[in-house]
>>> print(open('start-v9.txt').read())   # compact mmCIF, C-alpha atoms
# COMPACT_ATOMS: atom_id res chain seq x y z
CA MET A 390 103.59 105.00 130.11
CA SER A 391 105.54 102.06 128.74
CA SER A 392 109.23 101.33 129.07
CA PRO A 393 111.45 102.62 126.26
CA THR A 394 112.95 99.15 125.87
CA VAL A 395 109.74 97.29 125.04
CA ASN A 396 109.82 94.99 122.00
CA GLY A 397 107.64 92.23 120.59
CA GLY A 398 108.15 89.03 122.56
CA SER A 399 107.84 85.32 121.95
CA SER A 400 105.56 83.86 119.29
CA SER A 401 101.89 83.64 120.13
CA SER A 402 99.85 80.72 118.87
CA PRO A 403 97.45 81.28 115.94
CA SER A 404 93.96 82.33 116.89
CA ASN A 405 90.93 83.88 115.24
CA GLY A 406 88.53 86.65 116.11
CA SER A 407 89.45 88.75 119.10
CA GLU A 408 91.10 85.91 121.03
CA GLN A 409 94.66 87.09 120.50
CA GLN A 410 97.43 86.16 122.89
CA SER A 411 99.29 89.22 124.13
CA ALA A 412 102.91 88.09 124.30
CA PRO A 413 105.28 89.47 126.95
CA PRO A 414 107.93 91.77 125.46
CA SER A 415 111.59 90.92 125.14
CA GLN A 416 114.11 93.54 126.16
CA THR A 417 115.96 95.49 123.47
CA MET A 418 117.85 98.76 123.33
CA THR A 419 116.64 101.97 121.75
CA LEU A 420 118.58 104.81 120.18
CA ALA A 421 116.44 107.43 121.90
CA PRO A 422 113.83 107.65 124.67
CA TYR A 423 110.68 105.98 123.40
CA THR A 424 107.04 106.38 124.38
CA PHE A 425 104.25 104.52 122.66
CA PRO A 426 101.90 107.06 120.97
CA HIS A 427 98.26 106.64 121.92
CA ASP A 428 96.83 110.16 122.03
CA LYS A 429 94.43 109.41 119.13
CA LEU A 430 93.60 105.85 120.17
CA LYS A 431 89.87 105.49 120.79
CA ARG A 432 89.90 104.20 124.37
CA ARG A 433 86.14 103.56 124.52
CA GLN A 434 84.04 101.93 121.84
CA THR A 435 80.92 103.61 120.50
CA GLU A 436 79.42 100.64 118.64
CA GLU A 437 77.84 97.84 120.62
CA GLY A 438 78.68 94.26 119.64
CA LYS A 439 81.75 95.24 117.63
CA ILE A 440 85.33 94.04 118.14
CA PRO A 441 87.87 96.86 118.64
CA LEU A 442 90.39 96.94 115.78
CA VAL A 443 93.76 98.66 115.36
CA LEU A 444 95.28 98.81 111.86
CA VAL A 445 99.06 98.82 111.48
CA ALA A 446 100.87 99.64 108.21
CA CYS A 447 104.56 98.75 108.12
CA GLY A 448 106.71 100.18 105.34
CA SER A 449 109.51 102.44 104.20
CA PHE A 450 107.36 105.57 103.71
CA SER A 451 110.28 107.18 101.90
CA PRO A 452 108.40 109.41 101.42
CA ILE A 453 104.81 108.83 102.53
CA THR A 454 102.28 109.38 99.73
CA PHE A 455 98.55 110.00 99.47
CA LEU A 456 98.08 106.33 98.60
CA HIS A 457 99.49 105.31 101.98
CA LEU A 458 96.93 107.56 103.66
CA ARG A 459 94.08 106.46 101.36
CA MET A 460 94.77 102.83 102.32
CA PHE A 461 93.65 103.61 105.86
CA GLU A 462 90.50 105.38 104.72
CA MET A 463 89.61 102.54 102.32
CA ALA A 464 90.16 100.01 105.08
CA SER A 465 88.05 102.04 107.52
CA ASP A 466 85.14 102.15 105.08
CA PHE A 467 85.47 98.43 104.34
CA VAL A 468 85.54 97.56 108.04
CA ARG A 469 82.51 99.73 108.76
CA PHE A 470 80.32 98.15 106.08
CA ASN A 471 81.60 94.57 105.88
CA THR A 472 82.88 93.36 109.25
CA ASP A 473 82.09 93.08 112.95
CA PHE A 474 85.03 95.33 113.86
CA GLU A 475 85.17 98.93 115.03
CA VAL A 476 88.34 100.79 114.02
CA CYS A 477 89.90 102.40 117.10
CA ALA A 478 93.17 103.65 115.55
CA GLY A 479 95.52 103.42 112.61
CA TYR A 480 99.32 103.40 112.90
CA LEU A 481 102.16 103.98 110.46
CA SER A 482 105.31 102.08 111.49
CA PRO A 483 108.32 103.23 109.42
CA VAL A 484 110.93 100.52 108.95
CA SER A 485 114.36 100.57 110.61
CA ASP A 486 117.36 102.13 108.86
CA ALA A 487 118.87 98.63 109.00
CA TYR A 488 116.52 97.67 106.17
CA LYS A 489 119.10 99.23 103.78
CA LYS A 490 116.64 99.72 100.94
CA ALA A 491 117.66 101.95 98.02
CA GLY A 492 116.23 105.45 98.45
CA LEU A 493 115.56 104.97 102.17
CA ALA A 494 115.73 108.32 103.96
CA ALA A 495 116.96 108.46 107.57
CA GLY A 496 114.52 107.08 110.10
CA HIS A 497 113.98 110.38 111.90
CA ASP A 498 113.19 112.08 108.58
CA ARG A 499 110.65 109.41 107.63
CA VAL A 500 109.02 109.61 111.07
CA ASN A 501 108.82 113.41 110.79
CA MET A 502 107.34 113.25 107.29
CA CYS A 503 104.73 110.70 108.38
CA SER A 504 103.90 112.75 111.47
CA SER A 505 103.35 115.89 109.42
CA ALA A 506 101.16 113.92 106.98
CA VAL A 507 98.79 112.68 109.72
CA ALA A 508 98.89 115.77 111.93
CA GLN A 509 95.31 116.72 111.00
CA SER A 510 93.93 113.18 111.21
CA SER A 511 91.72 112.30 114.16
CA TRP A 512 92.75 108.64 114.24
CA LEU A 513 96.08 108.10 112.44
CA MET A 514 99.39 108.07 114.34
CA VAL A 515 103.08 107.31 113.74
CA ASP A 516 104.98 104.86 115.93
CA PRO A 517 108.79 105.36 115.73
CA PHE A 518 109.42 102.02 117.45
CA GLU A 519 111.14 100.33 114.48
CA THR A 520 113.37 103.34 113.77
CA VAL A 521 114.72 103.61 117.33
CA ASN A 522 115.54 99.93 117.84
CA CYS A 523 119.24 99.17 117.98
CA ASN A 524 121.59 96.35 118.92
CA LYS A 525 124.04 96.29 121.83
CA ASP A 526 126.52 98.32 119.76
CA GLY A 527 124.00 101.10 119.21
CA GLU A 528 123.46 100.28 115.53
CA PRO A 529 119.96 100.26 113.98
CA GLU A 530 118.39 96.80 114.11
CA TYR A 531 115.75 95.44 111.77
CA VAL A 532 112.45 94.47 113.41
CA PRO A 533 110.47 91.71 111.65
CA THR A 534 106.80 92.45 110.94
CA ALA A 535 105.67 89.70 113.32
CA GLN A 536 107.54 91.39 116.17
CA VAL A 537 106.06 94.76 115.24
CA LEU A 538 102.53 93.38 115.55
CA ARG A 539 103.37 91.76 118.89
CA HIS A 540 104.72 95.12 120.03
CA PHE A 541 101.37 96.81 119.28
CA ASP A 542 99.51 93.94 120.92
CA HIS A 543 101.59 94.33 124.08
CA GLU A 544 101.39 98.13 124.25
CA ILE A 545 97.64 98.35 123.64
CA ASN A 546 96.32 95.21 125.30
CA THR A 547 98.80 94.70 128.15
CA VAL A 548 100.25 98.11 129.02
CA LEU A 549 97.10 100.14 128.33
CA GLY A 550 94.72 97.34 129.29
CA GLY A 551 92.82 97.17 126.02
CA ILE A 552 89.76 99.13 124.87
CA GLU A 553 86.70 99.82 126.99
CA GLY A 554 83.53 98.38 125.48
CA VAL A 555 80.16 100.12 125.35
CA ASP A 556 79.15 98.14 128.46
CA GLY A 557 82.20 99.36 130.39
CA THR A 558 84.20 96.12 130.31
CA MET A 559 87.77 96.15 129.00
CA ARG A 560 88.29 94.23 125.77
CA LYS A 561 91.36 93.15 123.83
CA ALA A 562 91.85 95.09 120.63
CA ARG A 563 92.36 93.08 117.47
CA ILE A 564 95.69 94.08 115.90
CA ALA A 565 95.82 93.66 112.12
CA LEU A 566 98.31 94.43 109.39
CA LEU A 567 97.27 96.85 106.63
CA ALA A 568 99.20 96.35 103.40
CA GLY A 569 99.14 96.46 99.62
CA ALA A 570 98.57 93.43 97.42
CA ASP A 571 102.27 93.23 96.59
CA LEU A 572 103.01 92.25 100.19
CA VAL A 573 100.53 89.37 100.30
CA MET A 574 101.86 88.20 96.93
CA SER A 575 105.36 88.01 98.41
CA MET A 576 103.93 86.00 101.31
CA GLY A 577 102.73 83.44 98.82
CA GLU A 578 106.22 82.92 97.39
CA PRO A 579 107.96 79.83 98.82
CA GLY A 580 110.98 80.56 101.01
CA LEU A 581 110.57 84.33 101.11
CA TRP A 582 108.88 84.54 104.52
CA SER A 583 109.55 82.53 107.65
CA PRO A 584 106.64 80.08 108.21
CA THR A 585 106.72 81.00 111.89
CA ASP A 586 106.40 84.70 111.11
CA LEU A 587 103.58 84.07 108.63
CA ASP A 588 101.77 82.07 111.30
CA VAL A 589 102.01 85.04 113.67
CA ILE A 590 101.12 87.72 111.10
CA LEU A 591 98.24 85.93 109.38
CA GLY A 592 97.31 83.35 111.99
CA SER A 593 97.42 85.34 115.23
CA TYR A 594 96.65 88.78 113.86
CA GLY A 595 95.40 88.90 110.26
CA ALA A 596 95.70 91.37 107.40
CA PHE A 597 93.62 93.82 105.41
CA ILE A 598 94.97 93.90 101.87
CA ILE A 599 94.41 96.72 99.37
CA GLU A 600 94.23 95.49 95.79
CA ARG A 601 96.57 97.16 93.30
CA SER A 602 96.47 97.19 89.52
CA GLY A 603 98.72 94.60 87.93
CA THR A 604 98.65 92.20 90.91
CA ASP A 605 96.84 88.86 91.03
CA VAL A 606 95.71 88.61 94.63
CA ASP A 607 93.76 85.39 94.06
CA GLU A 608 96.92 83.64 92.93
CA ALA A 609 98.74 84.72 96.08
CA LEU A 610 95.85 83.73 98.34
CA ALA A 611 95.75 80.24 96.82
CA SER A 612 98.90 79.34 98.76
CA LEU A 613 97.62 80.96 101.96
CA ARG A 614 94.32 79.09 102.24
CA GLN A 615 94.91 78.16 105.88
CA TYR A 616 94.67 81.86 106.75
CA GLU A 617 91.75 82.82 104.48
CA ASN A 618 89.49 83.69 107.42
CA ASN A 619 92.09 86.18 108.64
CA ILE A 620 92.68 87.96 105.33
CA TRP A 621 90.35 90.65 104.04
CA VAL A 622 90.84 91.91 100.47
CA ILE A 623 89.73 95.48 99.72
CA SER A 624 89.12 96.60 96.15
CA GLN A 625 90.27 100.01 94.96
CA VAL A 626 87.22 101.66 93.43
CA ILE A 627 89.40 104.52 92.18
CA GLN A 628 92.76 103.18 91.03
CA ASN A 629 95.77 104.93 92.52
CA ASP A 630 99.29 103.83 91.61
CA ILE A 631 101.30 106.58 93.30
CA SER A 632 104.43 105.06 94.82
CA SER A 633 107.34 106.37 96.87
CA THR A 634 109.68 105.11 94.14
CA LYS A 635 107.98 107.29 91.52
CA VAL A 636 107.99 110.29 93.85
CA ARG A 637 111.73 109.89 94.46
CA LEU A 638 112.31 109.67 90.72
CA PHE A 639 110.38 112.91 90.18
CA LEU A 640 112.40 114.63 92.89
CA LYS A 641 115.72 113.49 91.44
CA LYS A 642 114.64 114.92 88.09
CA ASP A 643 113.68 118.18 89.84
CA LEU A 644 110.00 117.71 88.92
CA SER A 645 107.06 118.81 91.05
CA VAL A 646 105.52 116.25 93.41
CA ARG A 647 102.74 118.48 94.72
CA TYR A 648 99.36 116.74 94.92
CA LEU A 649 101.14 113.38 94.88
CA ILE A 650 102.17 113.71 98.51
CA PRO A 651 100.83 115.97 101.31
CA ASP A 652 101.98 119.61 101.25
CA PRO A 653 103.69 119.40 104.69
CA VAL A 654 105.75 116.49 103.37
CA VAL A 655 106.72 118.47 100.26
CA GLU A 656 107.83 121.33 102.47
CA TYR A 657 109.82 119.01 104.74
CA ILE A 658 111.59 117.45 101.75
CA GLU A 659 112.46 120.87 100.33
CA GLU A 660 113.65 122.20 103.69
CA HIS A 661 115.92 119.21 104.34
CA HIS A 662 116.99 118.66 100.71
CA LEU A 663 115.90 115.02 100.68
CA PHE A 664 115.89 112.64 97.71
CA GLN A 665 118.08 114.86 95.58
CA GLU A 666 120.56 113.41 93.14
CA THR A 667 123.95 113.22 94.83
CA PRO A 668 127.16 114.35 93.08
CA LYS A 669 128.29 110.69 93.04
CA GLU A 670 125.07 109.63 91.28
CA SER A 671 125.41 112.46 88.78
CA SER A 672 129.02 111.47 88.06
CA THR A 673 128.11 107.80 87.68
CA LYS A 674 125.25 108.63 85.34
CA ALA A 675 127.45 110.91 83.25
CA ASN A 676 130.20 108.31 82.94
CA THR A 677 127.71 105.58 82.11
CA SER A 678 125.93 107.57 79.45
CA ALA A 679 129.07 109.05 77.87
CA PRO A 680 129.88 107.90 74.31
CA GLU A 681 132.76 105.43 74.13
CA LYS A 682 135.61 104.96 71.64
CA ARG A 683 135.87 101.66 69.80
CA SER A 684 138.69 100.69 72.14
CA GLY A 685 136.24 100.86 75.04
CA THR A 686 137.93 103.83 76.71
CA PRO A 687 135.29 106.35 77.81
CA GLN A 688 135.33 109.83 76.31
CA PRO A 689 135.92 112.76 78.69
CA THR A 690 132.66 114.14 80.05
CA LYS A 691 131.71 117.77 80.31
CA SER A 692 131.01 119.25 83.72
>>> encode(input="start-v9.txt", output="structure tokens")
Amino acid sequence: MSSPTVNGGSSSSPSNGSEQQSAPPSQTMTLAPYTFPHDKLKRRQTEEGKIPLVLVACGSFSPITFLHLRMFEMASDFVRFNTDFEVCAGYLSPVSDAYKKAGLAAGHDRVNMCSSAVAQSSWLMVDPFETVNCNKDGEPEYVPTAQVLRHFDHEINTVLGGIEGVDGTMRKARIALLAGADLVMSMGEPGLWSPTDLDVILGSYGAFIIERSGTDVDEALASLRQYENNIWVISQVIQNDISSTKVRLFLKKDLSVRYLIPDPVVEYIEEHHLFQETPKESSTKANTSAPEKRSGTPQPTKS
């Protein structure tokens, strides 16, 4: 069992294939006792000659949708038919509350929703690591994606010792980011990502990217040519544009979100009254939409 204070560590140099460098962790504080989840991690490979692979999806998951889950299944199919990897686990890593994104539910709620969504999966897990990280004052602290991947590398390859191959020898698991095309497009924008972090994410680890309608992946990849051997693009055969933003909008309008997100997540949202329009939002909307006099003084609004 790993220490509850484990974090990423120093940068590892870029490498390809399974030759990743497992960086030692740096010490950080956590808001609650932390144990790395590995109950569904395939500890022994079943396919000879394959490289063990662990997929990690970082995101808000506020709330998690069926598209988030489908991304893992699409990636698993792609890996099985098009690569020399064997998928040993998939992880959801909800972002820290310090991210301060609009519509971001509390970390513990997002972890619980994700956990309920993957409860029946045989290989998907939720790692609360990002949500429990805090600074010396006990406040939530943002964890960069590069550090998150180092964290998984350390926990799986150093603490657990890697994955046992078919021949009985222990092998390092390849850690890779799983993300939508919008993320890789942002990576191609100058000045948006730290070059050092990009070198760790795409150079040391790599990424499986799910294409999305309305995004030009080729344009984004043109500026990331040095990492082209570490980026795998997966086409969506059946287009799915469900997003957490749209789900939150439906919920604020008191519309049904069933069959857009897993039933256990719907039930959790209803039980905890998440993503509802607050009185302040209602008041702001009413004042904004109220007809105004020519003088510019707003008319009284009805309750």
>>> atom_distance(input="start-v9.txt", atom1="atom CA of A:Ala446", atom2="atom CA of A:Ser485")
13.7 Å
>>> closest_residue(input="start-v9.txt", among="A:Leu549, A:Ile658, A:Ala609, A:Ile564", to="A:Cys503", atoms="all atoms listed in the file")
A:Ile658
>>> closest_residue(input="start-v9.txt", among="A:Cys523, A:Ala535, A:Val654, A:Ala570", to="A:Ile598", atoms="all atoms listed in the file")
A:Ala570
>>> atom_distance(input="start-v9.txt", atom1="atom CA of A:Leu538", atom2="atom CA of A:Ile590")
7.3 Å
>>> atom_distance(input="start-v9.txt", atom1="atom CA of A:Met514", atom2="atom CA of A:Tyr480")
4.9 Å
>>> residues_around(input="start-v9.txt", residues="A:Ile440", least_positions_apart="4", cutoff="10 Å", atoms="all atoms listed in the file", output="PyMOL selection string")
chain A and resi 406-407+434+436+472-477+552+554+560-563
>>> closest_residue(input="start-v9.txt", among="A:Phe541, A:Phe639, A:Val573, A:Gly580", to="A:Tyr594", atoms="all atoms listed in the file")
A:Phe541
>>> residues_around(input="start-v9.txt", residues="A:Ser451", least_positions_apart="4", cutoff="7 Å", atoms="only C-alpha atoms", output="PyMOL selection string")
chain A and resi 493-494+499+633
>>> closest_residue(input="start-v9.txt", among="A:Met460, A:Val532, A:Leu566, A:Ile631", to="A:Glu519", atoms="all atoms listed in the file")
A:Val532
>>> decode(input="start-v9.txt", residues="stretch 468-481 of chain A", atoms="N, CA and C atoms", output="PDB file, in the first residue's frame")
ATOM      1  N   VAL A 468      -6.741  -0.350 -29.403  1.00  0.00           N
ATOM      2  CA  VAL A 468      -5.489  -0.938 -28.926  1.00  0.00           C
ATOM      3  C   VAL A 468      -5.417  -2.416 -29.305  1.00  0.00           C
ATOM      4  N   ARG A 469      -6.519  -3.112 -29.140  1.00  0.00           N
ATOM      5  CA  ARG A 469      -6.549  -4.557 -29.395  1.00  0.00           C
ATOM      6  C   ARG A 469      -6.268  -4.887 -30.866  1.00  0.00           C
ATOM      7  N   PHE A 470      -6.793  -4.071 -31.772  1.00  0.00           N
ATOM      8  CA  PHE A 470      -6.681  -4.385 -33.198  1.00  0.00           C
ATOM      9  C   PHE A 470      -5.545  -3.657 -33.922  1.00  0.00           C
ATOM     10  N   ASN A 471      -4.977  -2.612 -33.302  1.00  0.00           N
ATOM     11  CA  ASN A 471      -4.030  -1.785 -34.054  1.00  0.00           C
ATOM     12  C   ASN A 471      -2.681  -1.552 -33.397  1.00  0.00           C
ATOM     13  N   THR A 472      -2.451  -2.108 -32.224  1.00  0.00           N
ATOM     14  CA  THR A 472      -1.183  -1.825 -31.537  1.00  0.00           C
ATOM     15  C   THR A 472      -0.568  -3.095 -30.943  1.00  0.00           C
ATOM     16  N   ASP A 473       0.602  -2.920 -30.366  1.00  0.00           N
ATOM     17  CA  ASP A 473       1.289  -4.022 -29.677  1.00  0.00           C
ATOM     18  C   ASP A 473       1.122  -3.911 -28.170  1.00  0.00           C
ATOM     19  N   PHE A 474       0.054  -3.230 -27.735  1.00  0.00           N
ATOM     20  CA  PHE A 474      -0.231  -3.077 -26.311  1.00  0.00           C
ATOM     21  C   PHE A 474      -1.321  -4.039 -25.865  1.00  0.00           C
ATOM     22  N   GLU A 475      -1.346  -4.287 -24.561  1.00  0.00           N
ATOM     23  CA  GLU A 475      -2.444  -5.009 -23.925  1.00  0.00           C
ATOM     24  C   GLU A 475      -2.969  -4.119 -22.793  1.00  0.00           C
ATOM     25  N   VAL A 476      -4.225  -3.716 -22.883  1.00  0.00           N
ATOM     26  CA  VAL A 476      -4.807  -2.840 -21.862  1.00  0.00           C
ATOM     27  C   VAL A 476      -4.957  -3.607 -20.550  1.00  0.00           C
ATOM     28  N   CYS A 477      -4.368  -3.056 -19.483  1.00  0.00           N
ATOM     29  CA  CYS A 477      -4.418  -3.697 -18.169  1.00  0.00           C
ATOM     30  C   CYS A 477      -5.326  -2.952 -17.189  1.00  0.00           C
ATOM     31  N   ALA A 478      -5.690  -1.708 -17.517  1.00  0.00           N
ATOM     32  CA  ALA A 478      -6.607  -0.947 -16.666  1.00  0.00           C
ATOM     33  C   ALA A 478      -6.908   0.400 -17.311  1.00  0.00           C
ATOM     34  N   GLY A 479      -8.006   0.991 -16.868  1.00  0.00           N
ATOM     35  CA  GLY A 479      -8.356   2.342 -17.275  1.00  0.00           C
ATOM     36  C   GLY A 479      -8.720   3.129 -16.031  1.00  0.00           C
ATOM     37  N   TYR A 480      -8.247   4.372 -15.939  1.00  0.00           N
ATOM     38  CA  TYR A 480      -8.494   5.202 -14.755  1.00  0.00           C
ATOM     39  C   TYR A 480      -9.123   6.541 -15.132  1.00  0.00           C
ATOM     40  N   LEU A 481     -10.098   6.952 -14.335  1.00  0.00           N
ATOM     41  CA  LEU A 481     -10.641   8.300 -14.384  1.00  0.00           C
ATOM     42  C   LEU A 481      -9.965   9.081 -13.265  1.00  0.00           C
TER      43      LEU A 481
END
